[in-house]
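The structure file protein-v6.txt is reproduced below (compact mmCIF, C-alpha atoms).
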# COMPACT_ATOMS: atom_id res chain seq x y z
CA MET A 1 -18.38 -73.05 -1.39
CA ARG A 2 -14.93 -74.20 -0.37
CA HIS A 3 -13.68 -73.26 -3.86
CA LEU A 4 -15.03 -69.68 -3.58
CA TRP A 5 -13.43 -69.26 -0.17
CA SER A 6 -10.09 -70.34 -1.59
CA ILE A 7 -10.35 -67.75 -4.40
CA PHE A 8 -11.23 -64.99 -1.91
CA SER A 9 -8.29 -65.88 0.35
CA GLN A 10 -5.86 -65.81 -2.58
CA ALA A 11 -7.20 -62.42 -3.74
CA VAL A 12 -6.76 -60.92 -0.26
CA THR A 13 -3.23 -62.32 -0.07
CA VAL A 14 -2.33 -60.79 -3.46
CA CYS A 15 -3.75 -57.37 -2.46
CA LEU A 16 -1.81 -57.35 0.80
CA GLY A 17 1.33 -58.26 -1.11
CA VAL A 18 0.80 -55.39 -3.56
CA LEU A 19 0.24 -52.92 -0.69
CA PHE A 20 3.40 -54.16 1.02
CA VAL A 21 5.48 -53.59 -2.14
CA LEU A 22 4.00 -50.13 -2.70
CA LYS A 23 4.59 -49.15 0.90
CA LEU A 24 8.19 -50.42 0.77
CA PHE A 25 9.30 -49.06 -2.60
CA TYR A 26 6.79 -46.24 -3.43
CA PRO A 27 5.68 -44.70 -0.12
CA GLY A 28 4.60 -41.43 -1.84
CA VAL A 29 1.83 -43.22 -3.72
CA LEU A 30 0.01 -44.07 -0.52
CA THR A 31 0.46 -40.67 1.18
CA GLN A 32 -1.87 -38.94 -1.30
CA SER A 33 -5.04 -40.96 -1.07
CA PRO A 34 -7.63 -40.24 -3.78
CA THR A 35 -10.21 -39.87 -1.03
CA HIS A 36 -8.18 -37.05 0.59
CA PRO A 37 -6.73 -34.94 -2.25
CA MET A 38 -4.46 -31.98 -1.51
CA THR A 39 -6.15 -28.61 -1.83
CA SER A 40 -5.10 -26.29 -4.63
CA ASN A 41 -3.59 -23.83 -2.10
CA THR A 42 -1.47 -26.55 -0.54
CA GLN A 43 -0.31 -27.71 -3.95
CA THR A 44 0.58 -24.15 -4.93
CA GLU A 45 2.51 -23.59 -1.70
CA ALA A 46 4.36 -26.86 -2.16
CA LYS A 47 5.32 -25.97 -5.72
CA THR A 48 6.43 -22.48 -4.65
CA SER A 49 8.54 -23.88 -1.80
CA ALA A 50 10.15 -26.40 -4.11
CA LEU A 51 10.89 -23.69 -6.67
CA ILE A 52 12.44 -21.39 -4.07
CA ALA A 53 14.54 -24.23 -2.69
CA ALA A 54 15.84 -24.97 -6.18
CA SER A 55 16.45 -21.45 -7.52
CA GLY A 56 15.95 -18.90 -4.72
CA TYR A 57 13.79 -15.93 -5.64
CA ARG A 58 15.07 -15.50 -9.19
CA THR A 59 11.73 -16.47 -10.73
CA ALA A 60 9.82 -13.85 -8.72
CA VAL A 61 12.45 -11.20 -9.42
CA SER A 62 12.61 -11.90 -13.16
CA LYS A 63 8.83 -11.63 -13.30
CA ALA A 64 8.51 -8.32 -11.44
CA MET A 65 11.76 -6.48 -12.17
CA PRO A 66 10.87 -5.42 -15.76
CA SER A 67 7.83 -3.62 -14.32
CA VAL A 68 9.92 -1.45 -11.95
CA VAL A 69 11.26 1.80 -13.40
CA ASN A 70 13.61 4.53 -12.27
CA ILE A 71 12.18 8.04 -12.09
CA PHE A 72 14.33 11.13 -12.59
CA THR A 73 12.86 14.54 -11.84
CA THR A 74 14.16 18.03 -12.52
CA ALA A 75 13.17 21.19 -10.71
CA ARG A 76 14.39 24.68 -11.55
CA ILE A 77 16.04 26.54 -8.68
CA SER A 78 17.93 29.79 -8.53
CA GLN A 79 21.59 29.74 -7.57
CA ASP A 80 21.65 33.55 -7.09
CA PRO A 81 20.89 34.63 -3.50
CA HIS A 82 19.76 38.01 -4.88
CA HIS A 83 17.36 36.41 -7.35
CA ALA A 84 14.29 37.65 -5.48
CA LEU A 85 15.63 41.24 -5.60
CA LYS A 86 16.47 41.38 -9.30
CA ASN A 87 13.13 42.87 -10.24
CA ASP A 88 13.14 45.38 -7.38
CA PRO A 89 13.55 48.94 -8.86
CA LEU A 90 15.66 50.19 -5.93
CA PHE A 91 17.98 47.15 -6.18
CA ARG A 92 18.42 47.68 -9.91
CA HIS A 93 19.08 51.41 -9.37
CA PHE A 94 22.30 50.57 -7.52
CA PHE A 95 23.44 47.56 -9.55
CA GLY A 96 21.96 48.50 -12.94
CA ASP A 97 23.13 46.60 -16.02
CA GLU A 98 26.23 45.27 -14.24
CA MET A 99 24.05 42.61 -12.71
CA GLU A 100 23.90 39.65 -15.10
CA GLU A 101 20.89 37.41 -15.15
CA GLU A 102 21.88 33.86 -14.35
CA ASP A 103 19.90 30.94 -15.64
CA ASP A 104 18.18 28.81 -13.04
CA GLN A 105 20.12 25.65 -12.36
CA PRO A 106 18.33 22.30 -12.45
CA GLU A 107 18.02 20.22 -9.30
CA ASN A 108 17.86 16.49 -9.96
CA SER A 109 16.33 13.83 -7.78
CA LEU A 110 15.33 10.26 -8.31
CA GLY A 111 12.97 7.58 -7.12
CA SER A 112 11.25 4.48 -8.42
CA GLY A 113 7.90 3.52 -9.90
CA VAL A 114 5.89 0.50 -10.99
CA ILE A 115 4.30 -0.05 -14.40
CA VAL A 116 0.66 -0.98 -13.74
CA SER A 117 -0.72 -1.07 -17.29
CA ALA A 118 0.69 -2.10 -20.65
CA ASP A 119 -0.20 1.29 -22.15
CA GLY A 120 2.08 3.27 -19.86
CA LEU A 121 0.45 3.98 -16.47
CA ILE A 122 2.97 4.08 -13.63
CA LEU A 123 2.40 4.18 -9.87
CA THR A 124 4.85 6.02 -7.64
CA ASN A 125 4.95 8.16 -4.50
CA ASN A 126 3.63 11.69 -4.61
CA HIS A 127 6.70 12.99 -2.79
CA VAL A 128 8.91 11.66 -5.61
CA ILE A 129 7.35 13.98 -8.22
CA SER A 130 5.56 16.68 -6.19
CA SER A 131 8.05 19.49 -6.93
CA ALA A 132 9.19 18.34 -10.37
CA ASP A 133 9.12 20.48 -13.50
CA GLN A 134 10.20 17.59 -15.71
CA ILE A 135 9.88 13.84 -15.17
CA GLU A 136 11.86 11.19 -17.02
CA VAL A 137 11.31 7.45 -16.66
CA ALA A 138 14.05 4.89 -17.31
CA LEU A 139 12.79 1.40 -18.10
CA SER A 140 14.58 -1.83 -17.26
CA ASP A 141 15.70 -2.23 -20.89
CA GLY A 142 17.62 1.05 -20.69
CA SER A 143 15.20 3.15 -22.73
CA LYS A 144 13.89 6.46 -21.40
CA SER A 145 10.63 8.34 -21.83
CA SER A 146 9.20 11.64 -20.65
CA ALA A 147 6.28 11.28 -18.27
CA THR A 148 3.25 13.40 -17.50
CA VAL A 149 1.30 13.46 -14.24
CA VAL A 150 -2.18 11.94 -14.54
CA GLY A 151 -3.06 12.82 -10.95
CA THR A 152 -1.82 12.78 -7.37
CA ASP A 153 -3.19 11.95 -3.94
CA PRO A 154 -1.06 13.59 -1.23
CA ASP A 155 -3.26 12.07 1.51
CA THR A 156 -1.87 8.60 0.69
CA ASP A 157 1.37 9.84 -0.91
CA LEU A 158 0.54 8.24 -4.25
CA ALA A 159 0.79 9.54 -7.81
CA VAL A 160 -0.04 8.16 -11.25
CA LEU A 161 2.21 8.96 -14.23
CA LYS A 162 1.79 8.26 -17.95
CA ILE A 163 4.40 7.60 -20.61
CA ASP A 164 3.67 7.33 -24.33
CA ARG A 165 4.61 3.67 -24.75
CA LYS A 166 2.73 0.49 -25.59
CA ASN A 167 3.08 -3.21 -24.75
CA LEU A 168 4.92 -2.54 -21.52
CA PRO A 169 5.52 -5.28 -18.89
CA ALA A 170 2.79 -4.45 -16.37
CA VAL A 171 3.10 -5.83 -12.85
CA THR A 172 0.69 -8.48 -11.55
CA PHE A 173 -1.34 -7.42 -8.52
CA SER A 174 -1.57 -9.64 -5.46
CA ASN A 175 -4.11 -9.49 -2.64
CA SER A 176 -2.31 -7.64 0.14
CA ASP A 177 -5.19 -8.40 2.52
CA GLN A 178 -4.12 -12.07 2.51
CA MET A 179 -0.55 -11.34 3.54
CA LYS A 180 0.51 -12.34 7.05
CA VAL A 181 3.25 -11.27 9.41
CA GLY A 182 6.28 -13.42 8.70
CA ASP A 183 5.64 -13.79 4.96
CA VAL A 184 8.76 -13.33 2.82
CA VAL A 185 8.80 -10.18 0.64
CA LEU A 186 11.19 -8.58 -1.83
CA ALA A 187 11.76 -4.84 -2.39
CA ILE A 188 12.79 -3.59 -5.83
CA GLY A 189 13.95 -0.05 -6.54
CA ASN A 190 16.88 2.25 -7.27
CA PRO A 191 18.52 3.10 -3.92
CA PHE A 192 20.96 6.02 -3.92
CA GLY A 193 20.95 5.95 -7.73
CA VAL A 194 23.22 2.91 -7.93
CA GLY A 195 20.82 1.07 -10.24
CA GLN A 196 17.98 -1.38 -9.90
CA THR A 197 18.40 -3.41 -6.71
CA VAL A 198 16.52 -6.22 -4.96
CA THR A 199 16.46 -6.78 -1.21
CA GLN A 200 14.75 -9.54 0.77
CA GLY A 201 13.03 -9.63 4.13
CA ILE A 202 9.75 -10.45 5.82
CA ILE A 203 6.55 -8.63 6.73
CA SER A 204 7.27 -7.33 10.23
CA ALA A 205 3.82 -5.87 10.94
CA LEU A 206 0.55 -4.95 9.24
CA GLY A 207 -1.79 -1.98 9.64
CA ARG A 208 0.86 0.42 10.94
CA ASN A 209 -0.58 3.90 11.56
CA HIS A 210 -0.13 6.94 13.82
CA LEU A 211 3.25 7.50 12.15
CA GLY A 212 2.51 11.04 11.01
CA ILE A 213 3.60 10.29 7.45
CA ASN A 214 0.28 10.47 5.59
CA THR A 215 -3.27 11.49 6.38
CA PHE A 216 -4.45 7.94 5.68
CA GLU A 217 -2.08 5.31 7.04
CA ASN A 218 -2.34 1.54 6.88
CA PHE A 219 1.24 0.55 6.17
CA ILE A 220 2.92 -2.79 5.66
CA GLN A 221 6.10 -2.78 7.77
CA THR A 222 9.04 -4.78 6.45
CA ASP A 223 12.69 -5.33 7.25
CA ALA A 224 13.59 -5.66 3.57
CA SER A 225 16.15 -2.89 3.03
CA ILE A 226 14.48 0.27 1.70
CA ASN A 227 16.77 3.26 1.12
CA PRO A 228 16.48 6.71 -0.48
CA GLY A 229 15.65 6.12 -4.14
CA ASN A 230 13.47 3.09 -3.34
CA SER A 231 10.45 5.34 -2.82
CA GLY A 232 7.70 4.39 -5.26
CA GLY A 233 9.25 1.00 -5.98
CA ALA A 234 7.69 -2.43 -5.68
CA LEU A 235 7.24 -4.67 -2.68
CA ILE A 236 6.47 -8.12 -4.06
CA ASP A 237 5.68 -11.59 -2.73
CA VAL A 238 7.64 -14.75 -3.51
CA ASN A 239 5.53 -15.28 -6.63
CA GLY A 240 6.55 -11.91 -8.10
CA ASN A 241 3.18 -10.23 -7.50
CA LEU A 242 2.86 -6.66 -6.22
CA ILE A 243 1.71 -6.32 -2.62
CA GLY A 244 2.79 -2.75 -1.87
CA ILE A 245 4.42 0.51 -2.96
CA ASN A 246 7.56 1.27 -0.94
CA SER A 247 7.05 4.65 0.67
CA ALA A 248 9.10 5.50 3.76
CA ILE A 249 11.70 4.32 6.23
CA TYR A 250 12.41 4.91 9.89
CA SER A 251 16.01 6.03 10.09
CA ARG A 252 18.32 8.09 12.25
CA ASN A 253 21.07 8.39 9.68
CA GLY A 254 19.23 8.36 6.33
CA GLY A 255 19.97 4.68 5.64
CA SER A 256 18.00 1.50 6.20
CA MET A 257 17.62 0.39 9.81
CA GLY A 258 15.32 -2.55 9.11
CA ILE A 259 12.09 -0.58 9.47
CA GLY A 260 10.48 0.26 6.14
CA PHE A 261 6.89 1.03 5.23
CA ALA A 262 4.91 0.23 2.10
CA ILE A 263 1.42 1.28 1.02
CA PRO A 264 -0.71 -1.88 0.56
CA VAL A 265 -1.64 -2.62 -3.04
CA SER A 266 -5.32 -2.71 -2.08
CA ILE A 267 -5.15 1.01 -1.27
CA ALA A 268 -2.83 1.83 -4.18
CA LYS A 269 -5.14 0.12 -6.67
CA GLN A 270 -8.21 2.03 -5.47
CA VAL A 271 -6.37 5.35 -5.66
CA MET A 272 -4.95 4.50 -9.09
CA GLU A 273 -8.37 3.59 -10.49
CA GLN A 274 -10.01 6.78 -9.22
CA ILE A 275 -7.21 8.97 -10.55
CA SER A 276 -7.23 7.18 -13.91
CA PHE A 277 -11.00 7.55 -14.40
CA ASN A 278 -11.73 10.80 -12.55
CA GLY A 279 -8.41 12.61 -12.32
CA SER A 280 -8.68 12.80 -8.53
CA VAL A 281 -9.69 10.77 -5.48
CA THR A 282 -13.12 11.14 -3.87
CA ARG A 283 -13.53 10.11 -0.24
CA GLY A 284 -16.30 9.97 2.29
CA TRP A 285 -16.66 12.57 5.03
CA ILE A 286 -19.03 13.06 7.97
CA GLY A 287 -17.64 16.17 9.68
CA ILE A 288 -16.46 15.27 13.16
CA GLU A 289 -13.42 15.94 15.30
CA ALA A 290 -12.32 12.81 17.13
CA GLN A 291 -9.71 11.61 19.59
CA ASP A 292 -8.48 8.23 20.77
CA ILE A 293 -9.93 6.53 23.84
CA THR A 294 -7.26 6.43 26.54
CA PRO A 295 -7.46 3.99 29.47
CA GLU A 296 -8.51 6.92 31.67
CA LEU A 297 -11.32 7.90 29.27
CA ALA A 298 -12.41 4.27 28.99
CA GLU A 299 -12.71 4.07 32.77
CA SER A 300 -14.67 7.32 33.00
CA PHE A 301 -17.10 6.17 30.29
CA ASN A 302 -17.40 2.69 31.85
CA LEU A 303 -15.98 1.00 28.75
CA LYS A 304 -14.59 -2.52 28.99
CA ALA A 305 -11.56 -1.63 26.84
CA PRO A 306 -9.93 1.56 25.48
CA SER A 307 -11.28 1.13 21.95
CA GLY A 308 -13.45 3.33 19.77
CA SER A 309 -13.17 7.03 19.03
CA LEU A 310 -14.45 9.90 21.16
CA ILE A 311 -16.33 12.57 19.18
CA ALA A 312 -14.82 15.80 20.50
CA GLY A 313 -16.61 18.12 18.09
CA VAL A 314 -19.22 18.15 15.33
CA LEU A 315 -18.90 20.60 12.42
CA LEU A 316 -21.93 22.79 11.85
CA ASP A 317 -24.25 21.62 9.05
CA SER A 318 -22.10 18.55 8.39
CA PRO A 319 -23.54 15.06 7.76
CA ALA A 320 -22.85 14.21 11.42
CA ASP A 321 -24.60 17.39 12.60
CA ARG A 322 -27.66 16.73 10.47
CA ALA A 323 -27.82 13.12 11.72
CA GLY A 324 -27.76 14.20 15.37
CA LEU A 325 -24.29 13.18 16.52
CA ARG A 326 -23.07 15.07 19.59
CA PRO A 327 -19.76 15.84 21.26
CA GLY A 328 -19.17 13.17 23.89
CA ASP A 329 -20.58 10.33 21.79
CA ILE A 330 -18.23 7.39 21.40
CA LEU A 331 -18.07 5.92 17.90
CA LEU A 332 -17.80 2.12 18.14
CA ALA A 333 -18.46 0.88 14.59
CA ILE A 334 -19.35 2.06 11.09
CA ASP A 335 -21.43 -0.31 8.96
CA ASP A 336 -20.43 -3.14 11.33
CA LYS A 337 -16.71 -2.34 10.90
CA VAL A 338 -15.16 -1.96 14.32
CA VAL A 339 -13.56 1.40 15.10
CA ALA A 340 -10.38 0.65 17.01
CA ASP A 341 -9.11 4.23 17.23
CA SER A 342 -9.29 7.57 15.45
CA GLN A 343 -6.98 6.49 12.62
CA SER A 344 -9.02 3.39 11.81
CA MET A 345 -12.15 5.55 11.95
CA LEU A 346 -10.59 7.94 9.43
CA ASN A 347 -9.75 5.07 7.07
CA ILE A 348 -13.22 3.51 7.32
CA ILE A 349 -15.02 6.81 6.67
CA ALA A 350 -12.74 7.63 3.74
CA MET A 351 -13.77 4.39 2.04
CA LEU A 352 -17.45 5.33 2.16
CA LYS A 353 -19.07 6.69 -0.99
CA PRO A 354 -20.53 10.18 -0.89
CA ARG A 355 -24.38 10.25 -0.89
CA ASP A 356 -24.53 6.65 0.40
CA LYS A 357 -26.09 5.91 3.77
CA ALA A 358 -23.96 4.61 6.65
CA THR A 359 -24.96 3.21 10.03
CA LEU A 360 -22.89 4.43 12.97
CA SER A 361 -22.92 2.49 16.24
CA ILE A 362 -22.27 4.85 19.14
CA MET A 363 -22.23 4.87 22.91
CA ARG A 364 -24.22 7.73 24.44
CA ALA A 365 -24.85 8.10 28.16
CA GLY A 366 -23.94 4.45 28.68
CA LYS A 367 -26.33 3.13 26.04
CA LYS A 368 -25.54 1.76 22.59
CA ILE A 369 -27.59 3.28 19.76
CA ASN A 370 -27.41 3.30 15.97
CA ILE A 371 -27.55 6.48 13.89
CA VAL A 372 -27.99 6.50 10.11
CA LEU A 373 -26.50 9.38 8.13
CA VAL A 374 -25.90 10.34 4.51
CA VAL A 375 -22.16 10.42 3.77
CA GLY A 376 -20.73 13.65 2.41
CA LYS A 377 -17.77 14.29 0.12
CA ARG A 378 -14.47 15.06 1.79
CA PRO A 379 -13.72 18.71 0.97
CA LEU A 380 -10.42 20.39 0.17
CA PRO A 381 -7.93 21.11 1.61
CA SER A 382 -7.26 17.49 2.42
CA LYS A 383 -6.04 17.83 6.01
CA ILE A 384 -9.27 18.73 7.74
CA PRO A 385 -11.17 17.24 10.69
CA GLN A 386 -12.90 14.01 9.66

Could you spell out this file's structure in structure tokens?
Amino acid sequence: MRHLWSIFSQAVTVCLGVLFVLKLFYPGVLTQSPTHPMTSNTQTEAKTSALIAASGYRTAVSKAMPSVVNIFTTARISQDPHHALKNDPLFRHFFGDEMEEEDDQPENSLGSGVIVSADGLILTNNHVISSADQIEVALSDGSKSSATVVGTDPDTDLAVLKIDRKNLPAVTFSNSDQMKVGDVVLAIGNPFGVGQTVTQGIISALGRNHLGINTFENFIQTDASINPGNSGGALIDVNGNLIGINSAIYSRNGGSMGIGFAIPVSIAKQVMEQISFNGSVTRGWIGIEAQDITPELAESFNLKAPSGSLIAGVLLDSPADRAGLRPGDILLAIDDKVVADSQSMLNIIAMLKPRDKATLSIMRAGKKINIVLVVGKRPLPSKIPQ
């Protein structure tokens, strides 16, 4: 028995000695205990931080930059102020054959785009190509190709182009819903036509709306410099993945003032897929006119907070009319998604599929009730009451 106790004591002494040496000379070995492994997300973040510390953002930029293209558009305009009168018989009676017909002069503009498929699909802003007669795309390798318009969605200011090329460097999509305020982002585009440029900043805010830019607004706000020519370019994360399409800036002088807006990739991807498969975008519609709940309205309706959307009108024979919604109802939620204001209501309804059923939670005469309706298809023109 005494012999066994001696062996045990020696073993404990040896183990303590080994732990002391490891702690003294290899402290990192003990900080990652096998019983408490690092999660994959933590490991990825650690690797990314180490990579950025060593080489900046060059890895992210080299990954995404080949997917960003420059877009040149040409529109035909008349330089002759009398162009509209040239075919007028009375005008020609006085000027006759002395009036020479002048060719229309081309007007050039430029923007940016992002390659989203290896076979030539490109995402850009609708306002970049909306008035173009001809569209030319310049790739990062210097080559150029003519582009055709697959489809546009003015309500989100997005457009999908196609060039006849194969094996192109398509961008990698990120999940913009996981981005947080304060995350570092990079903007890639062709500002002022000087050539492809990268700027760095952070996400300043998420879910920006009520800007009056698009019908459907859910912008990422960033202080990464976005200037004229950046429109349609890429907003990427530190891993080189696409999180948004640069779309607009707030500016008093035409240049960057640290307030830029990008369309989240979650929205851009949905629009792109619908345009690619159907040629257009189909959205839900219920047929109501709504307004935001002000503090005064909230008090008059005995609401705890000024949230929700007041139904000011119901279109005749619309899905809302057939379901029994009334002016004066307050829309609180749609399929358990909280309605914060009229803009969020518009975005939620637009995501619904026509002919599907939706449950609307409303406040009527101080009581909460649920109404089920069949969603309709948003008609044209696009800017109509929701």

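With distances taken over all atoms listed in the file, A:Gly233 is the one residue among A:Gly233, A:Gly376, A:Pro306, A:Gly366 lying closest to Gln196 in chain A.
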
Original post:
Between A:Gly120, A:Gly324, A:Gly151, A:Gly240, which has the minimum distance to Thr172 in chain A (counting all atoms listed in the file)?
Top reply: A:Gly240

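Proximity to Thr197 in chain A was assessed for A:Val150, A:Leu235, A:Leu325, A:Ala298 counting all atoms listed in the file; the smallest distance is recorded for A:Leu235.
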
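Between CA of Gln274 in chain A and CA of Asn70 in chain A there is a distance of 23.9 Å.
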
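Each of A:Ser62, A:Ser276, A:Ser117, A:Thr73 was checked against Val171 in chain A using only C-alpha atoms; the smallest atom-to-atom distance is that of A:Ser117.
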
Report as a Markdown table: every residue of range 199-272 of chain A with an atom at most 12 Å from range 337-342 of chain A, its closest pair of atoms, and their distance in Å to one decimal, counting only C-alpha atoms, with rows sorted by chain and ascending residue number.
| residue | atom | partner | partner_atom | distance |
| --- | --- | --- | --- | --- |
| A:Gly207 | CA | A:Ala340 | CA | 11.6 |
| A:Asn209 | CA | A:Ser342 | CA | 10.2 |
| A:His210 | CA | A:Ser342 | CA | 9.3 |
| A:Thr215 | CA | A:Ser342 | CA | 11.6 |
| A:Phe216 | CA | A:Ser342 | CA | 10.9 |
| A:Glu217 | CA | A:Ser342 | CA | 11.3 |

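One distance worth recording is that between CA of Ile236 in chain A and CA of Val271 in chain A, which is 18.7 Å.
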
Original post:
In Å, with one decimal, what is the gap from CA of Asn302 in chain A to CA of Ala333 in chain A?
Top reply: 17.4 Å

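Distances here use all atoms listed in the file; by that measure, the residue among A:Asn347, A:Asn167, A:Ser145, A:Ser112 closest to Asn230 in chain A is A:Ser112.
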
Original post:
Pick the closest to Lys180 in chain A from A:Asn126, A:Ser300, A:Asn239, A:Ser204: which is it, counting only C-alpha atoms?
Top reply: A:Ser204

Output, as JSON, the centre and edge lengths in Å (one decimal) of the axis-aligned box that contains all listed atoms of range 277-294 of chain A with 5 Å of margin on each side.
{"center_x": -13.1, "center_y": 11.3, "center_z": 6.1, "size_x": 21.8, "size_y": 19.7, "size_z": 50.9}

Per residue of range 273-315 of chain A within 12 Å of range 368-374 of chain A, which atom pair is closest and at what distance in Å (one decimal), using all atoms listed in the file, listed by chain and increasing number, as CSV?
residue,atom,partner,partner_atom,distance
A:Gly284,CA,A:Val374,CA,9.9
A:Trp285,CA,A:Val374,CA,9.5
A:Ile286,CA,A:Val374,CA,8.2
A:Gly287,CA,A:Leu373,CA,11.3
A:Leu303,CA,A:Lys368,CA,11.4

Selected residues, C-alpha atoms, written as a compact mmCIF listing (two decimals), keeping the file's coordinate frame, please.
# COMPACT_ATOMS: atom_id res chain seq x y z
CA GLY A 284 -16.30 9.97 2.29
CA TRP A 285 -16.66 12.57 5.03
CA ILE A 286 -19.03 13.06 7.97
CA GLY A 287 -17.64 16.17 9.68
CA LEU A 303 -15.98 1.00 28.75

Taking the partial coordinates given, rebuild range 363-375 of chain A to contain N, CA and C atoms; return it as a PDB file, in the frame of the given file.
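Result went into result34.pdb, see below:
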ATOM      1  N   MET A 363     -21.900   4.966  21.500  1.00  0.00           N
ATOM      2  CA  MET A 363     -22.230   4.870  22.910  1.00  0.00           C
ATOM      3  C   MET A 363     -22.576   6.274  23.396  1.00  0.00           C
ATOM      4  N   ARG A 364     -23.801   6.436  23.942  1.00  0.00           N
ATOM      5  CA  ARG A 364     -24.220   7.730  24.440  1.00  0.00           C
ATOM      6  C   ARG A 364     -24.876   7.538  25.809  1.00  0.00           C
ATOM      7  N   ALA A 365     -24.319   8.194  26.790  1.00  0.00           N
ATOM      8  CA  ALA A 365     -24.850   8.100  28.160  1.00  0.00           C
ATOM      9  C   ALA A 365     -24.972   6.651  28.619  1.00  0.00           C
ATOM     10  N   GLY A 366     -23.971   5.834  28.237  1.00  0.00           N
ATOM     11  CA  GLY A 366     -23.940   4.450  28.680  1.00  0.00           C
ATOM     12  C   GLY A 366     -24.799   3.499  27.885  1.00  0.00           C
ATOM     13  N   LYS A 367     -25.460   3.988  26.850  1.00  0.00           N
ATOM     14  CA  LYS A 367     -26.330   3.130  26.040  1.00  0.00           C
ATOM     15  C   LYS A 367     -25.832   3.102  24.593  1.00  0.00           C
ATOM     16  N   LYS A 368     -25.922   1.914  23.994  1.00  0.00           N
ATOM     17  CA  LYS A 368     -25.540   1.760  22.590  1.00  0.00           C
ATOM     18  C   LYS A 368     -26.744   2.066  21.702  1.00  0.00           C
ATOM     19  N   ILE A 369     -26.531   2.945  20.720  1.00  0.00           N
ATOM     20  CA  ILE A 369     -27.590   3.280  19.760  1.00  0.00           C
ATOM     21  C   ILE A 369     -26.985   3.345  18.365  1.00  0.00           C
ATOM     22  N   ASN A 370     -27.824   3.203  17.358  1.00  0.00           N
ATOM     23  CA  ASN A 370     -27.410   3.300  15.970  1.00  0.00           C
ATOM     24  C   ASN A 370     -27.970   4.588  15.355  1.00  0.00           C
ATOM     25  N   ILE A 371     -27.140   5.270  14.597  1.00  0.00           N
ATOM     26  CA  ILE A 371     -27.550   6.480  13.890  1.00  0.00           C
ATOM     27  C   ILE A 371     -27.215   6.319  12.423  1.00  0.00           C
ATOM     28  N   VAL A 372     -28.181   6.585  11.560  1.00  0.00           N
ATOM     29  CA  VAL A 372     -27.990   6.500  10.110  1.00  0.00           C
ATOM     30  C   VAL A 372     -27.779   7.898   9.561  1.00  0.00           C
ATOM     31  N   LEU A 373     -26.753   8.074   8.751  1.00  0.00           N
ATOM     32  CA  LEU A 373     -26.500   9.380   8.130  1.00  0.00           C
ATOM     33  C   LEU A 373     -26.178   9.217   6.652  1.00  0.00           C
ATOM     34  N   VAL A 374     -26.273  10.303   5.924  1.00  0.00           N
ATOM     35  CA  VAL A 374     -25.900  10.340   4.510  1.00  0.00           C
ATOM     36  C   VAL A 374     -24.480  10.865   4.414  1.00  0.00           C
ATOM     37  N   VAL A 375     -23.582  10.080   3.844  1.00  0.00           N
ATOM     38  CA  VAL A 375     -22.160  10.420   3.770  1.00  0.00           C
ATOM     39  C   VAL A 375     -21.949  11.606   2.842  1.00  0.00           C
TER      40      VAL A 375
END
